[in-house]
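For reference, upload-v7.cif is printed below; it contains mmCIF, C-alpha atoms.
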```cif
data_data
#
loop_
_atom_site.group_PDB
_atom_site.id
_atom_site.type_symbol
_atom_site.label_atom_id
_atom_site.label_comp_id
_atom_site.auth_asym_id
_atom_site.auth_seq_id
_atom_site.Cartn_x
_atom_site.Cartn_y
_atom_site.Cartn_z
ATOM 1 C CA MET A 112 97.942 81.903 95.781
ATOM 2 C CA THR A 113 95.313 80.576 98.150
ATOM 3 C CA THR A 114 97.811 80.103 100.937
ATOM 4 C CA GLU A 115 99.309 83.518 100.376
ATOM 5 C CA SER A 116 95.983 85.262 100.279
ATOM 6 C CA SER A 117 94.717 83.549 103.402
ATOM 7 C CA SER A 118 97.915 84.415 105.220
ATOM 8 C CA VAL A 119 97.555 88.078 104.309
ATOM 9 C CA ASP A 120 93.969 87.904 105.482
ATOM 10 C CA ASP A 121 95.143 86.626 108.824
ATOM 11 C CA THR A 122 97.410 89.598 108.934
ATOM 12 C CA LEU A 123 94.531 91.994 108.291
ATOM 13 C CA LEU A 124 92.704 90.533 111.282
ATOM 14 C CA GLU A 125 95.760 90.712 113.512
ATOM 15 C CA PHE A 126 96.573 94.281 112.506
ATOM 16 C CA LEU A 127 92.996 95.415 112.993
ATOM 17 C CA HIS A 128 92.961 93.781 116.419
ATOM 18 C CA MET A 129 96.241 95.457 117.331
ATOM 19 C CA GLU A 130 94.907 98.839 116.176
ATOM 20 C CA ALA A 131 91.730 98.434 118.222
ATOM 21 C CA VAL A 132 93.817 97.694 121.322
ATOM 22 C CA LYS A 133 96.109 100.639 120.609
ATOM 23 C CA LEU A 134 93.195 102.973 120.001
ATOM 24 C CA LEU A 135 91.559 102.143 123.306
ATOM 25 C CA GLU A 136 94.765 102.394 125.242
ATOM 26 C CA GLU A 137 95.860 105.705 123.744
ATOM 27 C CA GLY A 138 96.605 108.030 126.575
ATOM 28 C CA SER A 139 95.067 105.647 129.074
ATOM 29 C CA THR A 140 96.830 105.120 132.374
ATOM 30 C CA GLY A 141 95.625 103.848 135.730
ATOM 31 C CA GLU A 142 91.846 103.836 135.748
ATOM 32 C CA GLY A 143 91.647 104.706 132.045
ATOM 33 C CA MET A 144 93.546 101.515 131.368
ATOM 34 C CA ASN A 145 90.845 99.532 133.163
ATOM 35 C CA THR A 146 88.187 101.209 131.038
ATOM 36 C CA ALA A 147 90.101 100.291 127.885
ATOM 37 C CA THR A 148 90.322 96.659 128.993
ATOM 38 C CA THR A 149 86.625 96.614 129.854
ATOM 39 C CA LYS A 150 85.696 98.039 126.454
ATOM 40 C CA LEU A 151 87.803 95.445 124.656
ATOM 41 C CA ASP A 152 86.219 92.721 126.760
ATOM 42 C CA THR A 153 82.725 94.005 125.928
ATOM 43 C CA MET A 154 83.547 94.113 122.211
ATOM 44 C CA GLY A 155 84.784 90.530 122.467
ATOM 45 C CA PHE A 156 81.670 89.474 124.374
ATOM 46 C CA ARG A 157 79.386 90.637 121.560
ATOM 47 C CA VAL A 158 81.610 89.013 118.943
ATOM 48 C CA GLY A 159 81.729 85.720 120.901
ATOM 49 C CA ILE A 160 77.919 85.597 121.093
ATOM 50 C CA ALA A 161 77.669 86.010 117.339
ATOM 51 C CA LEU A 162 80.517 83.643 116.471
ATOM 52 C CA VAL A 163 79.297 80.690 118.487
ATOM 53 C CA GLU A 164 75.982 81.002 116.707
ATOM 54 C CA ARG A 165 77.720 80.210 113.428
ATOM 55 C CA CYS A 166 79.822 77.313 114.482
ATOM 56 C CA SER A 167 77.365 75.514 116.746
ATOM 57 C CA ALA A 168 74.529 75.651 114.210
ATOM 58 C CA ASP A 169 74.863 71.988 113.301
ATOM 59 C CA THR A 170 76.174 70.759 116.616
ATOM 60 C CA MET A 171 74.113 68.423 118.752
ATOM 61 C CA ARG A 172 72.888 69.472 122.161
ATOM 62 C CA PHE A 173 75.457 69.134 124.890
ATOM 63 C CA LYS A 174 75.227 66.413 127.517
ATOM 64 C CA ASP A 175 76.694 68.509 130.308
ATOM 65 C CA GLU A 176 78.930 71.447 131.177
ATOM 66 C CA LEU A 177 82.126 69.519 130.482
ATOM 67 C CA ASP A 178 80.808 68.532 127.063
ATOM 68 C CA MET A 179 80.192 72.199 126.321
ATOM 69 C CA MET A 180 83.723 73.107 127.398
ATOM 70 C CA ARG A 181 85.111 70.393 125.116
ATOM 71 C CA PHE A 182 83.203 71.906 122.196
ATOM 72 C CA LEU A 183 84.645 75.321 123.097
ATOM 73 C CA CYS A 184 88.193 73.954 123.244
ATOM 74 C CA LYS A 185 87.948 72.019 119.993
ATOM 75 C CA ASP A 186 85.468 73.237 117.387
ATOM 76 C CA PHE A 187 85.033 76.808 118.542
ATOM 77 C CA TRP A 188 88.730 77.421 119.227
ATOM 78 C CA LEU A 189 89.732 75.954 115.867
ATOM 79 C CA ALA A 190 87.197 78.039 113.981
ATOM 80 C CA THR A 191 88.061 81.232 115.831
ATOM 81 C CA PHE A 192 91.719 81.007 116.777
ATOM 82 C CA MET A 193 92.882 78.537 114.089
ATOM 83 C CA LYS A 194 93.993 75.785 116.459
ATOM 84 C CA GLN A 195 92.634 73.744 119.332
ATOM 85 C CA ILE A 196 93.289 74.285 123.034
ATOM 86 C CA ASP A 197 96.330 72.270 124.111
ATOM 87 C CA ASN A 198 95.234 71.413 127.596
ATOM 88 C CA LEU A 199 91.943 71.546 129.478
ATOM 89 C CA ARG A 200 91.808 71.059 133.238
ATOM 90 C CA THR A 201 88.906 71.264 135.640
ATOM 91 C CA ASN A 202 88.212 70.807 139.352
ATOM 92 C CA HIS A 203 84.758 69.444 138.384
ATOM 93 C CA GLN A 204 83.235 72.272 140.413
ATOM 94 C CA GLY A 205 82.841 74.873 137.718
ATOM 95 C CA VAL A 206 86.454 75.995 137.363
ATOM 96 C CA TYR A 207 88.255 75.321 134.083
ATOM 97 C CA VAL A 208 91.777 76.149 132.952
ATOM 98 C CA LEU A 209 92.331 76.237 129.188
ATOM 99 C CA GLN A 210 95.940 76.348 128.101
ATOM 100 C CA ASP A 211 96.908 77.515 124.620
ATOM 101 C CA SER A 212 100.654 77.143 124.030
ATOM 102 C CA GLN A 213 100.701 79.337 120.954
ATOM 103 C CA PHE A 214 97.818 81.736 121.142
ATOM 104 C CA ARG A 215 96.913 83.430 117.888
ATOM 105 C CA PHE A 216 97.079 87.019 119.088
ATOM 106 C CA LEU A 217 100.348 86.433 120.932
ATOM 107 C CA THR A 218 102.454 84.811 118.220
ATOM 108 C CA ASN A 219 103.786 88.164 117.040
ATOM 109 C CA VAL A 220 104.648 89.481 120.489
ATOM 110 C CA ALA A 221 108.351 89.305 121.293
ATOM 111 C CA GLU A 222 109.214 86.976 124.148
ATOM 112 C CA GLY A 223 110.427 88.433 127.427
ATOM 113 C CA THR A 224 108.881 89.322 130.748
ATOM 114 C CA GLN A 225 108.766 93.048 129.902
ATOM 115 C CA TYR A 226 106.006 92.321 127.382
ATOM 116 C CA LEU A 227 103.696 90.535 129.788
ATOM 117 C CA GLN A 228 101.666 93.691 130.461
ATOM 118 C CA THR A 229 101.188 94.261 126.703
ATOM 119 C CA ALA A 230 100.101 90.659 126.391
ATOM 120 C CA GLN A 231 97.387 91.204 128.998
ATOM 121 C CA SER A 232 95.821 94.016 126.949
ATOM 122 C CA LEU A 233 96.079 91.894 123.826
ATOM 123 C CA LEU A 234 93.991 89.223 125.502
ATOM 124 C CA ALA A 235 91.128 91.339 126.853
ATOM 125 C CA PHE A 236 89.194 91.047 123.592
ATOM 126 C CA SER A 237 89.714 87.273 123.505
ATOM 127 C CA CYS A 238 88.543 86.858 127.111
ATOM 128 C CA GLY A 239 85.358 88.600 126.041
ATOM 129 C CA VAL A 240 84.998 86.303 123.041
ATOM 130 C CA VAL A 241 85.216 83.229 125.312
ATOM 131 C CA ARG A 242 82.744 84.723 127.792
ATOM 132 C CA GLY A 243 80.315 85.634 125.000
ATOM 133 C CA ALA A 244 80.513 82.201 123.398
ATOM 134 C CA LEU A 245 79.816 80.427 126.699
ATOM 135 C CA PHE A 246 77.059 82.879 127.566
ATOM 136 C CA ASN A 247 75.284 82.075 124.323
ATOM 137 C CA LEU A 248 75.633 78.369 125.033
ATOM 138 C CA GLY A 249 73.904 78.958 128.361
ATOM 139 C CA LEU A 250 76.798 79.359 130.796
ATOM 140 C CA THR A 251 77.408 82.619 132.661
ATOM 141 C CA CYS A 252 81.105 82.727 133.490
ATOM 142 C CA SER A 253 83.899 85.000 134.488
ATOM 143 C CA VAL A 254 86.973 84.675 132.293
ATOM 144 C CA THR A 255 90.462 85.868 133.155
ATOM 145 C CA VAL A 256 93.789 85.119 131.571
ATOM 146 C CA GLU A 257 97.245 84.368 132.897
ATOM 147 C CA VAL A 258 100.399 84.839 130.846
ATOM 148 C CA THR A 259 103.654 83.814 132.397
ATOM 149 C CA ASN A 260 105.650 82.664 129.429
ATOM 150 C CA LEU A 261 104.900 84.034 125.947
ATOM 151 C CA PRO A 262 103.210 82.896 123.707
ATOM 152 C CA VAL A 263 101.647 80.469 126.211
ATOM 153 C CA CYS A 264 98.494 81.614 127.958
ATOM 154 C CA LYS A 265 95.960 80.113 130.316
ATOM 155 C CA PHE A 266 92.319 81.154 130.329
ATOM 156 C CA HIS A 267 90.642 80.688 133.694
ATOM 157 C CA VAL A 268 86.918 80.135 133.334
ATOM 158 C CA THR A 269 84.719 80.162 136.429
ATOM 159 C CA VAL A 270 81.077 79.277 136.014
ATOM 160 C CA ILE A 271 78.964 81.645 138.100
ATOM 161 C CA MET B 176 86.366 71.664 107.724
ATOM 162 C CA THR B 177 88.846 74.042 106.122
ATOM 163 C CA THR B 178 86.104 75.929 104.338
ATOM 164 C CA GLU B 179 84.006 76.143 107.468
ATOM 165 C CA SER B 180 86.836 77.302 109.621
ATOM 166 C CA SER B 181 87.951 79.940 107.151
ATOM 167 C CA SER B 182 84.418 81.217 106.819
ATOM 168 C CA VAL B 183 84.115 81.623 110.575
ATOM 169 C CA ASP B 184 87.456 83.374 110.535
ATOM 170 C CA ASP B 185 86.121 85.822 107.987
ATOM 171 C CA THR B 186 83.288 86.417 110.367
ATOM 172 C CA LEU B 187 85.667 87.186 113.216
ATOM 173 C CA LEU B 188 87.318 89.847 111.061
ATOM 174 C CA GLU B 189 83.999 91.341 109.995
ATOM 175 C CA PHE B 190 82.620 91.391 113.530
ATOM 176 C CA LEU B 191 85.779 92.949 114.916
ATOM 177 C CA HIS B 192 85.649 95.595 112.189
ATOM 178 C CA MET B 193 82.010 96.303 112.945
ATOM 179 C CA GLU B 194 82.763 96.614 116.666
ATOM 180 C CA ALA B 195 85.629 99.025 116.017
ATOM 181 C CA VAL B 196 83.309 101.209 113.935
ATOM 182 C CA LYS B 197 80.587 101.034 116.580
ATOM 183 C CA LEU B 198 83.027 101.833 119.366
ATOM 184 C CA LEU B 199 84.297 104.950 117.658
ATOM 185 C CA GLU B 200 80.866 106.160 116.753
ATOM 186 C CA GLU B 201 79.351 105.622 120.177
ATOM 187 C CA GLY B 202 77.725 108.829 121.214
ATOM 188 C CA SER B 203 79.363 110.694 118.332
ATOM 189 C CA THR B 204 77.286 113.198 116.416
ATOM 190 C CA GLY B 205 78.240 116.130 114.228
ATOM 191 C CA GLU B 206 81.892 116.908 114.754
ATOM 192 C CA GLY B 207 82.438 113.829 116.903
ATOM 193 C CA MET B 208 81.347 111.771 113.935
ATOM 194 C CA ASN B 209 84.100 113.338 111.833
ATOM 195 C CA THR B 210 86.639 112.468 114.518
ATOM 196 C CA ALA B 211 85.427 108.865 114.519
ATOM 197 C CA THR B 212 85.797 108.671 110.745
ATOM 198 C CA THR B 213 89.267 110.212 110.921
ATOM 199 C CA LYS B 214 90.354 107.725 113.587
ATOM 200 C CA LEU B 215 89.105 104.787 111.530
ATOM 201 C CA ASP B 216 90.893 106.170 108.492
ATOM 202 C CA THR B 217 94.135 106.535 110.467
ATOM 203 C CA MET B 218 93.849 102.981 111.766
ATOM 204 C CA GLY B 219 93.369 101.795 108.197
ATOM 205 C CA PHE B 220 96.319 103.848 106.987
ATOM 206 C CA ARG B 221 98.700 102.108 109.394
ATOM 207 C CA VAL B 222 97.255 98.706 108.502
ATOM 208 C CA GLY B 223 97.529 99.420 104.753
ATOM 209 C CA ILE B 224 101.200 100.341 105.101
ATOM 210 C CA ALA B 225 101.919 97.073 106.865
ATOM 211 C CA LEU B 226 99.766 94.908 104.593
ATOM 212 C CA VAL B 227 101.257 96.059 101.313
ATOM 213 C CA GLU B 228 104.668 95.205 102.717
ATOM 214 C CA ARG B 229 103.630 91.570 102.906
ATOM 215 C CA CYS B 230 102.028 91.159 99.557
ATOM 216 C CA SER B 231 104.437 93.175 97.450
ATOM 217 C CA ALA B 232 107.535 91.476 98.876
ATOM 218 C CA ASP B 233 108.111 89.374 95.777
ATOM 219 C CA THR B 234 106.578 91.765 93.276
ATOM 220 C CA MET B 235 108.736 93.393 90.620
ATOM 221 C CA ARG B 236 109.218 97.136 90.539
ATOM 222 C CA PHE B 237 106.400 99.010 88.899
ATOM 223 C CA LYS B 238 106.806 100.584 85.464
ATOM 224 C CA ASP B 239 104.553 103.543 86.206
ATOM 225 C CA GLU B 240 101.662 104.840 88.296
ATOM 226 C CA LEU B 241 99.057 102.895 86.317
ATOM 227 C CA ASP B 242 101.033 99.707 86.809
ATOM 228 C CA MET B 243 100.983 100.336 90.549
ATOM 229 C CA MET B 244 97.230 100.893 90.499
ATOM 230 C CA ARG B 245 96.782 97.619 88.614
ATOM 231 C CA PHE B 246 98.740 95.822 91.318
ATOM 232 C CA LEU B 247 96.514 97.464 93.949
ATOM 233 C CA CYS B 248 93.333 96.405 92.135
ATOM 234 C CA LYS B 249 94.441 92.838 91.545
ATOM 235 C CA ASP B 250 96.976 91.344 93.953
ATOM 236 C CA PHE B 251 96.492 93.665 96.901
ATOM 237 C CA TRP B 252 92.687 93.723 96.707
ATOM 238 C CA LEU B 253 92.510 89.950 96.405
ATOM 239 C CA ALA B 254 94.817 89.407 99.361
ATOM 240 C CA THR B 255 93.053 91.966 101.528
ATOM 241 C CA PHE B 256 89.420 92.003 100.476
ATOM 242 C CA MET B 257 89.195 88.492 98.983
ATOM 243 C CA LYS B 258 88.325 89.539 95.428
ATOM 244 C CA GLN B 259 89.649 91.809 92.714
ATOM 245 C CA ILE B 260 88.366 95.259 91.800
ATOM 246 C CA ASP B 261 85.671 94.967 89.122
ATOM 247 C CA ASN B 262 86.403 98.132 87.240
ATOM 248 C CA LEU B 263 89.285 100.603 87.156
ATOM 249 C CA ARG B 264 88.970 103.950 85.386
ATOM 250 C CA THR B 265 91.383 106.821 85.122
ATOM 251 C CA ASN B 266 91.603 110.234 83.471
ATOM 252 C CA HIS B 267 95.359 109.630 83.045
ATOM 253 C CA GLN B 268 95.963 112.731 85.156
ATOM 254 C CA GLY B 269 96.218 111.185 88.577
ATOM 255 C CA VAL B 270 92.543 110.462 89.226
ATOM 256 C CA TYR B 271 91.421 106.828 89.530
ATOM 257 C CA VAL B 272 87.999 105.337 90.196
ATOM 258 C CA LEU B 273 88.002 101.778 91.540
ATOM 259 C CA GLN B 274 84.631 100.069 91.521
ATOM 260 C CA ASP B 275 83.971 97.037 93.709
ATOM 261 C CA SER B 276 80.503 95.591 93.047
ATOM 262 C CA GLN B 277 80.467 93.469 96.173
ATOM 263 C CA PHE B 278 82.725 95.009 98.716
ATOM 264 C CA ARG B 279 83.750 92.750 101.568
ATOM 265 C CA PHE B 280 82.673 94.985 104.440
ATOM 266 C CA LEU B 281 79.360 95.819 102.784
ATOM 267 C CA THR B 282 78.060 92.358 101.963
ATOM 268 C CA ASN B 283 76.261 92.071 105.296
ATOM 269 C CA VAL B 284 74.647 95.507 105.154
ATOM 270 C CA ALA B 285 70.975 95.420 104.175
ATOM 271 C CA GLU B 286 70.199 97.119 100.882
ATOM 272 C CA GLY B 287 68.264 100.377 100.888
ATOM 273 C CA THR B 288 69.089 104.051 100.731
ATOM 274 C CA GLN B 289 68.564 104.503 104.487
ATOM 275 C CA TYR B 290 71.755 102.521 105.106
ATOM 276 C CA LEU B 291 74.003 104.633 102.920
ATOM 277 C CA GLN B 292 75.226 106.696 105.888
ATOM 278 C CA THR B 293 76.108 103.513 107.815
ATOM 279 C CA ALA B 294 77.940 102.288 104.746
ATOM 280 C CA GLN B 295 80.074 105.426 104.704
ATOM 281 C CA SER B 296 81.315 104.780 108.246
ATOM 282 C CA LEU B 297 81.950 101.155 107.370
ATOM 283 C CA LEU B 298 84.278 102.266 104.601
ATOM 284 C CA ALA B 299 86.423 104.783 106.480
ATOM 285 C CA PHE B 300 88.826 102.091 107.652
ATOM 286 C CA SER B 301 89.106 100.662 104.119
ATOM 287 C CA CYS B 302 89.801 104.111 102.622
ATOM 288 C CA GLY B 303 92.671 104.345 105.063
ATOM 289 C CA VAL B 304 93.938 100.904 104.054
ATOM 290 C CA VAL B 305 94.027 101.946 100.384
ATOM 291 C CA ARG B 306 95.741 105.243 101.226
ATOM 292 C CA GLY B 307 98.324 103.458 103.400
ATOM 293 C CA ALA B 308 99.069 100.831 100.773
ATOM 294 C CA LEU B 309 99.619 103.453 98.051
ATOM 295 C CA PHE B 310 101.651 105.604 100.408
ATOM 296 C CA ASN B 311 104.008 102.722 101.070
ATOM 297 C CA LEU B 312 104.336 102.108 97.345
ATOM 298 C CA GLY B 313 105.389 105.734 96.947
ATOM 299 C CA LEU B 314 102.153 107.508 96.031
ATOM 300 C CA THR B 315 100.635 110.154 98.296
ATOM 301 C CA CYS B 316 96.913 110.187 97.583
ATOM 302 C CA SER B 317 93.591 111.270 98.941
ATOM 303 C CA VAL B 318 91.001 108.503 98.986
ATOM 304 C CA THR B 319 87.256 108.961 99.288
ATOM 305 C CA VAL B 320 84.418 106.560 98.688
ATOM 306 C CA GLU B 321 81.034 106.840 97.035
ATOM 307 C CA VAL B 322 78.187 104.437 97.749
ATOM 308 C CA THR B 323 75.007 104.855 95.799
ATOM 309 C CA ASN B 324 73.749 101.332 95.503
ATOM 310 C CA LEU B 325 74.692 98.715 98.121
ATOM 311 C CA PRO B 326 76.901 96.644 98.106
ATOM 312 C CA VAL B 327 78.546 98.481 95.203
ATOM 313 C CA CYS B 328 81.106 101.124 96.079
ATOM 314 C CA LYS B 329 83.518 103.332 94.206
ATOM 315 C CA PHE B 330 86.836 104.436 95.674
ATOM 316 C CA HIS B 331 88.062 107.731 94.278
ATOM 317 C CA VAL B 332 91.828 107.983 94.425
ATOM 318 C CA THR B 333 93.506 111.320 93.658
ATOM 319 C CA VAL B 334 97.278 111.397 93.495
ATOM 320 C CA ILE B 335 98.509 114.540 95.237
#
```
Will you turn the file into structure tokens for me?
Amino acid sequence: MTTESSSVDDTLLEFLHMEAVKLLEEGSTGEGMNTATTKLDTMGFRVGIALVERCSADTMRFKDELDMMRFLCKDFWLATFMKQIDNLRTNHQGVYVLQDSQFRFLTNVAEGTQYLQTAQSLLAFSCGVVRGALFNLGLTCSVTVEVTNLPVCKFHVTVI
Amino acid sequence: MTTESSSVDDTLLEFLHMEAVKLLEEGSTGEGMNTATTKLDTMGFRVGIALVERCSADTMRFKDELDMMRFLCKDFWLATFMKQIDNLRTNHQGVYVLQDSQFRFLTNVAEGTQYLQTAQSLLAFSCGVVRGALFNLGLTCSVTVEVTNLPVCKFHVTVI
């Protein structure tokens, strides 16, 4: 029962997320589409700020920026997206690439290049979540996402 | 770790829900407020339809309307809102009152009569979920909610 109920709960979250994306995109084209993406990103930003508060409560202070990114990729990602980041790369100059090979909000999207645009909208909220989490840890960043092969995605984080 | 991670996940759902409500209400007053509530209800309706599909997949056919309502109050409520309904009443003529004494989306709302209006907006999506679930089970209903004492709420279901 526990497994079943938690899996339905997952579904509630995914459906609600999908509806929020749909709602913002309704009738949006061109510039309206940008506004929708920005709104989703802003929603995510606020949620990320609040979420990181919960899961870093009993975490020690971070040694450096890389240490903070490791926390994001492990503890925060697991608590928020139910798995850890699969690959973290950095140029050691403030640019990080986080690869998730099976991102939570993409697992139900059919594979195929024609869905890449849909995938981008589905990730705007999550980009905001990442930005908000890092902001609350003390890092102001820009976060973009690259999807070339569903359900793999790469978050590009640039510390400003 | 499992408990922690699932509790943060709950938080993600609650924050996303809160943001969706906030987004729709932004700058809405009077009639705009009604539109926001209707949109939330419609979002919920679609989600309810999809959710009930998942959790009634291996459920036997229902004997009658009351049997269906019992399923809604027990299995569906548990899977969706993490607990069962505390009290179910009916006049045996198509009117049902479902009381939840600690409703999931109200647990974080401060108590006090000044928050009752906020509570109403927070429940529009859930009313839609209930309506969608029943619709997919074969019952067309109207669903309203009454909140007089947070976090207790009563869903009034009228079969049409």
Please write out chain B, superposed on chain A by least squares over all C-alpha atoms matched in order, as a compact mmCIF listing (two decimals) with C-alpha atoms, keeping the file's coordinate frame.
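Dumped to superposed.txt:
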```
# COMPACT_ATOMS: atom_id res chain seq x y z
CA MET B 176 97.87 81.73 95.85
CA THR B 177 95.21 80.52 98.25
CA THR B 178 97.72 80.04 101.03
CA GLU B 179 99.27 83.43 100.42
CA SER B 180 95.98 85.22 100.31
CA SER B 181 94.70 83.57 103.46
CA SER B 182 97.91 84.40 105.27
CA VAL B 183 97.58 88.06 104.35
CA ASP B 184 93.99 87.91 105.49
CA ASP B 185 95.14 86.62 108.86
CA THR B 186 97.42 89.59 108.97
CA LEU B 187 94.55 91.99 108.31
CA LEU B 188 92.71 90.53 111.30
CA GLU B 189 95.76 90.71 113.54
CA PHE B 190 96.59 94.27 112.53
CA LEU B 191 93.01 95.41 113.01
CA HIS B 192 92.97 93.78 116.44
CA MET B 193 96.24 95.45 117.36
CA GLU B 194 94.92 98.83 116.20
CA ALA B 195 91.74 98.43 118.24
CA VAL B 196 93.83 97.69 121.34
CA LYS B 197 96.12 100.63 120.63
CA LEU B 198 93.20 102.97 120.02
CA LEU B 199 91.57 102.14 123.32
CA GLU B 200 94.77 102.40 125.26
CA GLU B 201 95.86 105.70 123.76
CA GLY B 202 96.62 108.03 126.59
CA SER B 203 95.06 105.64 129.10
CA THR B 204 96.82 105.11 132.39
CA GLY B 205 95.60 103.85 135.74
CA GLU B 206 91.83 103.84 135.74
CA GLY B 207 91.63 104.71 132.05
CA MET B 208 93.53 101.52 131.37
CA ASN B 209 90.84 99.53 133.17
CA THR B 210 88.18 101.21 131.04
CA ALA B 211 90.11 100.29 127.89
CA THR B 212 90.32 96.66 129.00
CA THR B 213 86.62 96.62 129.85
CA LYS B 214 85.70 98.05 126.45
CA LEU B 215 87.81 95.45 124.66
CA ASP B 216 86.22 92.73 126.76
CA THR B 217 82.73 94.01 125.91
CA MET B 218 83.56 94.11 122.21
CA GLY B 219 84.78 90.53 122.46
CA PHE B 220 81.67 89.47 124.36
CA ARG B 221 79.38 90.64 121.55
CA VAL B 222 81.61 89.01 118.94
CA GLY B 223 81.73 85.73 120.89
CA ILE B 224 77.94 85.60 121.09
CA ALA B 225 77.67 86.02 117.34
CA LEU B 226 80.52 83.65 116.46
CA VAL B 227 79.30 80.69 118.48
CA GLU B 228 75.98 81.02 116.69
CA ARG B 229 77.71 80.22 113.42
CA CYS B 230 79.82 77.32 114.47
CA SER B 231 77.37 75.54 116.73
CA ALA B 232 74.52 75.67 114.21
CA ASP B 233 74.84 72.01 113.29
CA THR B 234 76.18 70.79 116.61
CA MET B 235 74.13 68.43 118.75
CA ARG B 236 72.90 69.47 122.16
CA PHE B 237 75.47 69.14 124.88
CA LYS B 238 75.23 66.40 127.50
CA ASP B 239 76.70 68.50 130.30
CA GLU B 240 78.93 71.45 131.17
CA LEU B 241 82.13 69.52 130.46
CA ASP B 242 80.81 68.53 127.05
CA MET B 243 80.20 72.20 126.31
CA MET B 244 83.73 73.10 127.39
CA ARG B 245 85.11 70.39 125.10
CA PHE B 246 83.20 71.90 122.19
CA LEU B 247 84.64 75.32 123.09
CA CYS B 248 88.20 73.95 123.23
CA LYS B 249 87.95 72.02 119.99
CA ASP B 250 85.47 73.24 117.38
CA PHE B 251 85.04 76.82 118.54
CA TRP B 252 88.74 77.43 119.22
CA LEU B 253 89.73 75.97 115.87
CA ALA B 254 87.19 78.05 113.98
CA THR B 255 88.06 81.24 115.82
CA PHE B 256 91.72 81.02 116.76
CA MET B 257 92.88 78.55 114.09
CA LYS B 258 94.01 75.79 116.45
CA GLN B 259 92.64 73.75 119.32
CA ILE B 260 93.29 74.29 123.01
CA ASP B 261 96.34 72.27 124.09
CA ASN B 262 95.24 71.41 127.58
CA LEU B 263 91.95 71.55 129.47
CA ARG B 264 91.81 71.06 133.23
CA THR B 265 88.92 71.26 135.63
CA ASN B 266 88.23 70.80 139.33
CA HIS B 267 84.78 69.44 138.38
CA GLN B 268 83.25 72.27 140.40
CA GLY B 269 82.84 74.88 137.72
CA VAL B 270 86.46 75.99 137.35
CA TYR B 271 88.26 75.32 134.05
CA VAL B 272 91.78 76.15 132.94
CA LEU B 273 92.33 76.24 129.17
CA GLN B 274 95.95 76.35 128.10
CA ASP B 275 96.91 77.52 124.61
CA SER B 276 100.66 77.15 124.02
CA GLN B 277 100.69 79.36 120.95
CA PHE B 278 97.83 81.74 121.14
CA ARG B 279 96.90 83.43 117.88
CA PHE B 280 97.07 87.03 119.08
CA LEU B 281 100.34 86.45 120.92
CA THR B 282 102.43 84.83 118.21
CA ASN B 283 103.76 88.19 117.02
CA VAL B 284 104.63 89.50 120.47
CA ALA B 285 108.35 89.32 121.28
CA GLU B 286 109.21 86.99 124.13
CA GLY B 287 110.41 88.45 127.42
CA THR B 288 108.87 89.33 130.75
CA GLN B 289 108.75 93.05 129.90
CA TYR B 290 105.99 92.33 127.39
CA LEU B 291 103.68 90.54 129.79
CA GLN B 292 101.65 93.70 130.45
CA THR B 293 101.18 94.26 126.70
CA ALA B 294 100.10 90.65 126.40
CA GLN B 295 97.39 91.20 129.00
CA SER B 296 95.82 94.01 126.96
CA LEU B 297 96.08 91.89 123.83
CA LEU B 298 93.99 89.22 125.51
CA ALA B 299 91.12 91.33 126.84
CA PHE B 300 89.19 91.05 123.59
CA SER B 301 89.71 87.26 123.49
CA CYS B 302 88.54 86.86 127.11
CA GLY B 303 85.37 88.60 126.04
CA VAL B 304 85.00 86.30 123.04
CA VAL B 305 85.21 83.23 125.30
CA ARG B 306 82.75 84.73 127.79
CA GLY B 307 80.31 85.63 124.99
CA ALA B 308 80.51 82.19 123.39
CA LEU B 309 79.82 80.42 126.70
CA PHE B 310 77.07 82.88 127.55
CA ASN B 311 75.29 82.07 124.31
CA LEU B 312 75.63 78.37 125.03
CA GLY B 313 73.91 78.96 128.36
CA LEU B 314 76.81 79.35 130.80
CA THR B 315 77.41 82.62 132.65
CA CYS B 316 81.11 82.73 133.48
CA SER B 317 83.90 85.01 134.48
CA VAL B 318 86.98 84.69 132.29
CA THR B 319 90.47 85.88 133.15
CA VAL B 320 93.80 85.12 131.56
CA GLU B 321 97.25 84.38 132.90
CA VAL B 322 100.40 84.84 130.84
CA THR B 323 103.67 83.83 132.39
CA ASN B 324 105.66 82.67 129.43
CA LEU B 325 104.92 84.04 125.94
CA PRO B 326 103.21 82.90 123.71
CA VAL B 327 101.65 80.48 126.20
CA CYS B 328 98.50 81.63 127.96
CA LYS B 329 95.97 80.12 130.31
CA PHE B 330 92.32 81.16 130.32
CA HIS B 331 90.65 80.69 133.68
CA VAL B 332 86.93 80.14 133.31
CA THR B 333 84.72 80.17 136.42
CA VAL B 334 81.08 79.27 136.00
CA ILE B 335 78.99 81.65 138.10
```
Using only C-alpha atoms, which protein or nucleic acid residues come within 7 Å of segment 270-276 of chain B? Drop anything in the same chain fewer than 2 positions from it, and give the result as a PyMOL selection string. chain B and resi 260-268+278+326-334
Please provide the set of residues having any atom within 10 Å of Glu228 of chain B, restricted to all atoms listed in the file, with same-chain residues fewer than 5 positions apart removed, written as a VMD selection string. chain B and resid 223 233 308 311 to 312
Using the selection just defined, write its residues with C-alpha atoms as a short mmCIF file (atom, residue, chain, number, x, y, z; two decimals), keeping the file's coordinate frame.
```cif
data_model
loop_
_atom_site.label_atom_id
_atom_site.label_comp_id
_atom_site.auth_asym_id
_atom_site.auth_seq_id
_atom_site.Cartn_x
_atom_site.Cartn_y
_atom_site.Cartn_z
CA GLY B 223 97.53 99.42 104.75
CA ASP B 233 108.11 89.37 95.78
CA ALA B 308 99.07 100.83 100.77
CA ASN B 311 104.01 102.72 101.07
CA LEU B 312 104.34 102.11 97.34
#
```
Computed interatomic separation between atom CA of Arg279 of chain B and atom CA of Ser317 of chain B (Å):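 Going from atom CA of Arg279 of chain B over to atom CA of Ser317 of chain B, I get 21.1 Å.
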